[in-house]
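Down below is the structure, laid out as structure tokens.
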Amino acid sequence: MERIAIEGGHRLQGSVRVHGAKNAALPILAASVMAHGESIIEDVPDLQDIRVMVAILRHLGCNVHHDGSRLRVDASGLSGTEVPEYLMRQMRSSIFLMGPILARSGQVRISLPGGCTIGSRPIDLHLRGLQALGARIEEKHGYILCTANRLRGTNIYLDLPSVGATENLIMAAVFADGVTTLHNAAREPEIVDLANYLNAMGAKVHGAGEAKVVIEGVHRLRGTNYTVIPDRIVTGTLLLAAAATRGEVELTNVQPDHLGAVISKLQESGVDVRAGQNTIYLRADGRPQRIERINTAYYPGFPTDLQSPFMAYLSLANGTSVVTESIFEGRFQHVSELARMGAKIKVDMRTAFIEGVPELTGAHVEATDLRAGAALILAGLAANGRTSIGNVHHIDRGYEKVEEVFGSLGAKIWRERPGGIS
Ligand SMILES: CC(=O)N[C@H]1[C@@H](OP(=O)(O)OP(=O)(O)OC[C@H]2O[C@@H](n3ccc(=O)[nH]c3=O)[C@H](O)[C@@H]2O)O[C@H](CO)[C@@H](O)[C@@H]1O
Ligand SMILES: C=C(OP(=O)(O)O)C(=O)O
């Protein structure tokens, strides 16, 4: 099994370009099955989840050409309506195929998706929304079969602003008869990106990024050219790693507006962060100041995906910080791994109390999920001595060429493969 090794204690310094967003590219690729004609999608990151999505698209009969970060998808010959279980299980985003395939073909058969084990992650809101649009849903032997001759526009009230349910229902509603209004929709930037892509193909989605999204049904979508937004979670991870190593970095291809809550907390911790139009500069000189409170929340609140990297950073703070995880009930698995590196963190239900220590020490640790893995990289970069991180496949789901990116900023980080090093 591969591991990531880090010789800690080197300041991150320099400039790096942030890749396109996984969580935007995945629903956009799922939406591409709705078009007659080729879409050219730019700045798609080279990640394991993307490779799984490409495998699903090909299985469904789409023509997909992968050329660096440019993907050409032509779904004119879409023939399949079923996503096999072994592909469904490999990532959470396989669920995004449900709305588009149902909308285009009138039928879809899937099983429950995989993805990070950070909580129970039900899909009840996706299913109830599709039922409201007129789909029949049968759940049998671990499979979900959705059928509908025609979907009909309606009012849908989401109990909570789920990102995935909002995306699935917007996509399904694009081909519904009449108008669909989605209330209490999620407002994440990735939803705006999906709506922009759909609209570029001829859809009529209004209000994405607000709590009320209105979708006027259309009959057909055409292919288009589209560039995915920069990854705000990768941006945040790089900023935190630079801050934890008391470094100085400039990130390019970023959208600072998407990171308001994170930049504000970084500033509160005492680092100099300045946002340009598509750049962010950060410089950190000493230990972080403690943060009185971080509460993860739906966008534009503090993103749950940056909770664990921020906690790794705060484990070095001057004083005790308090972090509450409000979105996923199982997203503190990094705590016991950070403890192996000398972090002092106590957890009470959904709140962690992080008593900052002057230094972390390298250790043998395991990534339990994608962002927990990112937190361990960050801790390893700042720690004294050598850290070895296992279960690297989690990290590869969300960070492209992770050791090259950090290496280009001066980190001593490499991948160890059984029988060799690279
Ligand atoms: C591929 C992708 O974009 N993943 C992101 C997406 O995940 P994902 O789309 O899975 O997250 P959701 O916004 O749906 O989940 C938010 C909360 O709603 C609950 N819920 C969700 C759906 C449902 O039918 N019923 C239900 O109860 C979940 O258990 C969770 O507690 O948004 C999360 C929240 O920002 C991020 O952490 C993930 O990185
Ligand atoms: C939780 C995440 O991903 P997924 O929803 O794909 O499991 C994430 O990107 O942090």
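To be explicit about the labels: the chains of the structure tokens are called A, B, and onward in the order shown, and within each one the residues are counted from 1, while ligands get numbers from 1 in the order they are shown.
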Can you work out which residues are within 6 Å of ligand 1, considering only C-alpha atoms and all ligand atoms, and then hand them over as an mmCIF file with C-alpha atoms, in the first residue's frame?
```cif
data_model
loop_
_atom_site.group_PDB
_atom_site.id
_atom_site.type_symbol
_atom_site.label_atom_id
_atom_site.label_comp_id
_atom_site.auth_asym_id
_atom_site.auth_seq_id
_atom_site.Cartn_x
_atom_site.Cartn_y
_atom_site.Cartn_z
ATOM 1 C CA ASN A 23 -17.133 19.056 -6.441
ATOM 2 C CA SER A 93 -20.825 11.704 -6.636
ATOM 3 C CA SER A 120 -24.760 8.408 7.672
ATOM 4 C CA ARG A 121 -25.287 10.491 4.487
ATOM 5 C CA PRO A 122 -28.837 9.446 3.532
ATOM 6 C CA ILE A 123 -30.317 10.303 0.113
ATOM 7 C CA ASP A 124 -33.934 10.735 1.241
ATOM 8 C CA LEU A 125 -34.108 14.346 0.008
ATOM 9 C CA HIS A 126 -32.955 13.333 -3.487
ATOM 10 C CA SER A 162 -28.363 19.540 0.739
ATOM 11 C CA VAL A 163 -25.781 20.231 -1.965
ATOM 12 C CA GLY A 164 -26.233 16.886 -3.722
ATOM 13 C CA ALA A 165 -30.052 16.943 -3.579
ATOM 14 C CA THR A 304 -17.202 21.430 6.691
ATOM 15 C CA ASP A 305 -14.622 20.234 4.138
ATOM 16 C CA ILE A 327 -23.016 19.196 9.029
ATOM 17 C CA PHE A 328 -21.642 15.638 9.358
#
```
Next on the checklist: Hey, which residues sit close to ligand 2? Say within 8 Å, counting only C-alpha atoms and all ligand atoms, and write them as number ranges by chain.
Outcome noted: A: 22-23, 49, 91-93, 114-118, 233, 304-306, 369-371, 397-398
Just-selected residues, N, CA and C atoms written as an mmCIF file, in the first residue's frame:
```cif
data_model
loop_
_atom_site.group_PDB
_atom_site.id
_atom_site.type_symbol
_atom_site.label_atom_id
_atom_site.label_comp_id
_atom_site.auth_asym_id
_atom_site.auth_seq_id
_atom_site.Cartn_x
_atom_site.Cartn_y
_atom_site.Cartn_z
ATOM 1 N N LYS A 22 -13.147 19.625 -7.842
ATOM 2 C CA LYS A 22 -13.737 18.279 -7.922
ATOM 3 C C LYS A 22 -15.248 18.347 -7.768
ATOM 4 N N ASN A 23 -15.701 19.084 -6.753
ATOM 5 C CA ASN A 23 -17.133 19.056 -6.441
ATOM 6 C C ASN A 23 -17.979 19.859 -7.425
ATOM 7 N N ASP A 49 -11.812 10.312 -8.339
ATOM 8 C CA ASP A 49 -13.268 10.417 -8.524
ATOM 9 C C ASP A 49 -13.629 10.759 -9.968
ATOM 10 N N MET A 91 -17.607 6.243 -5.099
ATOM 11 C CA MET A 91 -17.620 7.668 -4.709
ATOM 12 C C MET A 91 -19.048 8.140 -4.440
ATOM 13 N N ARG A 92 -19.149 9.207 -3.701
ATOM 14 C CA ARG A 92 -20.431 9.811 -3.376
ATOM 15 C C ARG A 92 -21.103 10.379 -4.633
ATOM 16 N N SER A 93 -20.287 10.945 -5.509
ATOM 17 C CA SER A 93 -20.825 11.704 -6.636
ATOM 18 C C SER A 93 -21.499 10.839 -7.682
ATOM 19 N N GLY A 114 -20.999 5.488 -2.634
ATOM 20 C CA GLY A 114 -19.948 5.412 -1.612
ATOM 21 C C GLY A 114 -19.557 6.816 -1.178
ATOM 22 N N GLY A 115 -18.251 7.070 -1.065
ATOM 23 C CA GLY A 115 -17.790 8.406 -0.649
ATOM 24 C C GLY A 115 -17.245 8.366 0.754
ATOM 25 N N CYS A 116 -16.834 9.534 1.239
ATOM 26 C CA CYS A 116 -16.213 9.615 2.560
ATOM 27 C C CYS A 116 -17.171 9.165 3.645
ATOM 28 N N THR A 117 -16.667 8.355 4.577
ATOM 29 C CA THR A 117 -17.502 7.889 5.694
ATOM 30 C C THR A 117 -17.401 8.912 6.821
ATOM 31 N N ILE A 118 -18.186 9.966 6.681
ATOM 32 C CA ILE A 118 -18.121 11.072 7.635
ATOM 33 C C ILE A 118 -19.468 11.263 8.323
ATOM 34 N N ILE A 233 -11.751 24.276 -1.826
ATOM 35 C CA ILE A 233 -11.272 23.486 -0.674
ATOM 36 C C ILE A 233 -9.766 23.245 -0.810
ATOM 37 N N THR A 304 -17.559 22.656 5.954
ATOM 38 C CA THR A 304 -17.202 21.430 6.691
ATOM 39 C C THR A 304 -15.970 20.763 6.094
ATOM 40 N N ASP A 305 -15.762 20.904 4.779
ATOM 41 C CA ASP A 305 -14.622 20.234 4.138
ATOM 42 C C ASP A 305 -13.281 20.822 4.586
ATOM 43 N N LEU A 306 -13.298 22.002 5.200
ATOM 44 C CA LEU A 306 -12.029 22.570 5.697
ATOM 45 C C LEU A 306 -11.928 22.502 7.223
ATOM 46 N N ASP A 369 -10.389 9.629 5.862
ATOM 47 C CA ASP A 369 -11.219 10.147 4.773
ATOM 48 C C ASP A 369 -10.419 11.244 4.076
ATOM 49 N N LEU A 370 -10.994 11.797 3.023
ATOM 50 C CA LEU A 370 -10.253 12.747 2.187
ATOM 51 C C LEU A 370 -9.691 13.942 2.968
ATOM 52 N N ARG A 371 -10.557 14.674 3.653
ATOM 53 C CA ARG A 371 -10.072 15.904 4.314
ATOM 54 C C ARG A 371 -9.310 15.599 5.598
ATOM 55 N N ARG A 397 -8.445 11.266 -3.936
ATOM 56 C CA ARG A 397 -9.796 11.578 -4.425
ATOM 57 C C ARG A 397 -9.986 13.091 -4.594
ATOM 58 N N GLY A 398 -9.163 13.904 -3.931
ATOM 59 C CA GLY A 398 -9.462 15.332 -3.939
ATOM 60 C C GLY A 398 -8.306 16.267 -4.214
#
```
Checklist entry - If you run DSSP on the backbone, which residues of range 172-365 of chain A are strand (DSSP E or B), as a PyMOL selection string? => result chain A and resi 177+179-183+204-206+208+210+213-216+221-222+225-227+230+248-252+272-275+279-283+289+294-296+302+318+320-324+344-348+351-355+361+364-365
Checklist entry - Which neighbours of Ser39 in chain A fall inside 10 Å, counting only C-alpha atoms, when residues of the same chain fewer than 2 positions from it are skipped, and could you give them as a list in words? => result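 The filter keeps Leu29, Ser32, Val33, Ala35, His36, Gly37, Ile41, Glu42, Val64, Leu71, Arg72, Val73, Asp74, Ala75, Tyr197, Met201, Arg222, Gly223, Thr224, Asn225 and Tyr226 of chain A.
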Item to check | Among the residues A:Thr351, A:Asn391, A:Gln13, A:Ser69, the one that comes closest to Val228 in chain A [using only C-alpha atoms] | outcome: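 Answer, going by the shortest atom-to-atom distance: A:Ser69.
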Next on the checklist: as a ChimeraX atom specification, please: the residues near Gly380 in chain A (cut-off 8 Å, only C-alpha atoms, same-chain neighbours under 5 positions excluded).
Outcome noted: /A:6-8,361-362,386-387
For the residues in the current selection, export N, CA and C atoms as a tab-separated table (two decimals), in the first residue's frame.
```
chain	number	residue	atom	x	y	z
A	6	ILE	N	6.61	12.65	4.79
A	6	ILE	CA	6.91	14.09	4.88
A	6	ILE	C	8.02	14.30	5.90
A	7	GLU	N	9.01	15.08	5.51
A	7	GLU	CA	10.02	15.53	6.46
A	7	GLU	C	9.58	16.95	6.83
A	8	GLY	N	9.06	17.11	8.01
A	8	GLY	CA	8.39	18.38	8.36
A	8	GLY	C	9.35	19.50	8.69
A	361	THR	N	4.92	16.52	16.46
A	361	THR	CA	6.04	15.67	16.08
A	361	THR	C	5.59	14.64	15.04
A	362	GLY	N	6.45	14.33	14.11
A	362	GLY	CA	6.11	13.39	13.05
A	362	GLY	C	5.73	12.03	13.62
A	386	ARG	N	9.74	13.10	10.86
A	386	ARG	CA	9.12	12.44	9.72
A	386	ARG	C	7.71	11.92	10.03
A	387	THR	N	6.80	12.21	9.10
A	387	THR	CA	5.43	11.68	9.20
A	387	THR	C	5.21	10.74	8.04
```
Next on the checklist: Here is a test: counting only C-alpha atoms, which residue of A:Gly134, A:Ile263, A:His394, A:Asp348 is nearest to Glu366 in chain A?
Outcome noted: A:His394
Item to check | Residue contacts of Gly419 in chain A (12 Å, only C-alpha atoms) excluding same-chain residues fewer than 5 positions away, as number ranges by chain | outcome: A: 1-3
Produce a file of the selected residues containing C-alpha atoms, as a CSV table (one decimal), in the first residue's frame.
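Result file follows (result.csv):
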```
chain,number,residue,atom,x,y,z
A,1,MET,CA,0.0,0.0,0.0
A,2,GLU,CA,1.3,3.5,-0.9
A,3,ARG,CA,2.1,6.0,1.8
```
Checklist entry - Just how far from CA of Ile215 in chain A is CA of Thr181 in chain A, in Å to one decimal? => result 6.4 Å
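One finds CA of Glu216 in chain A at 8.4 Å from CA of Phe175 in chain A.
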Item to check | Point-to-point distance in Å for CA of Gln289 in chain A and CA of Leu376 in chain A | outcome: 20.2 Å
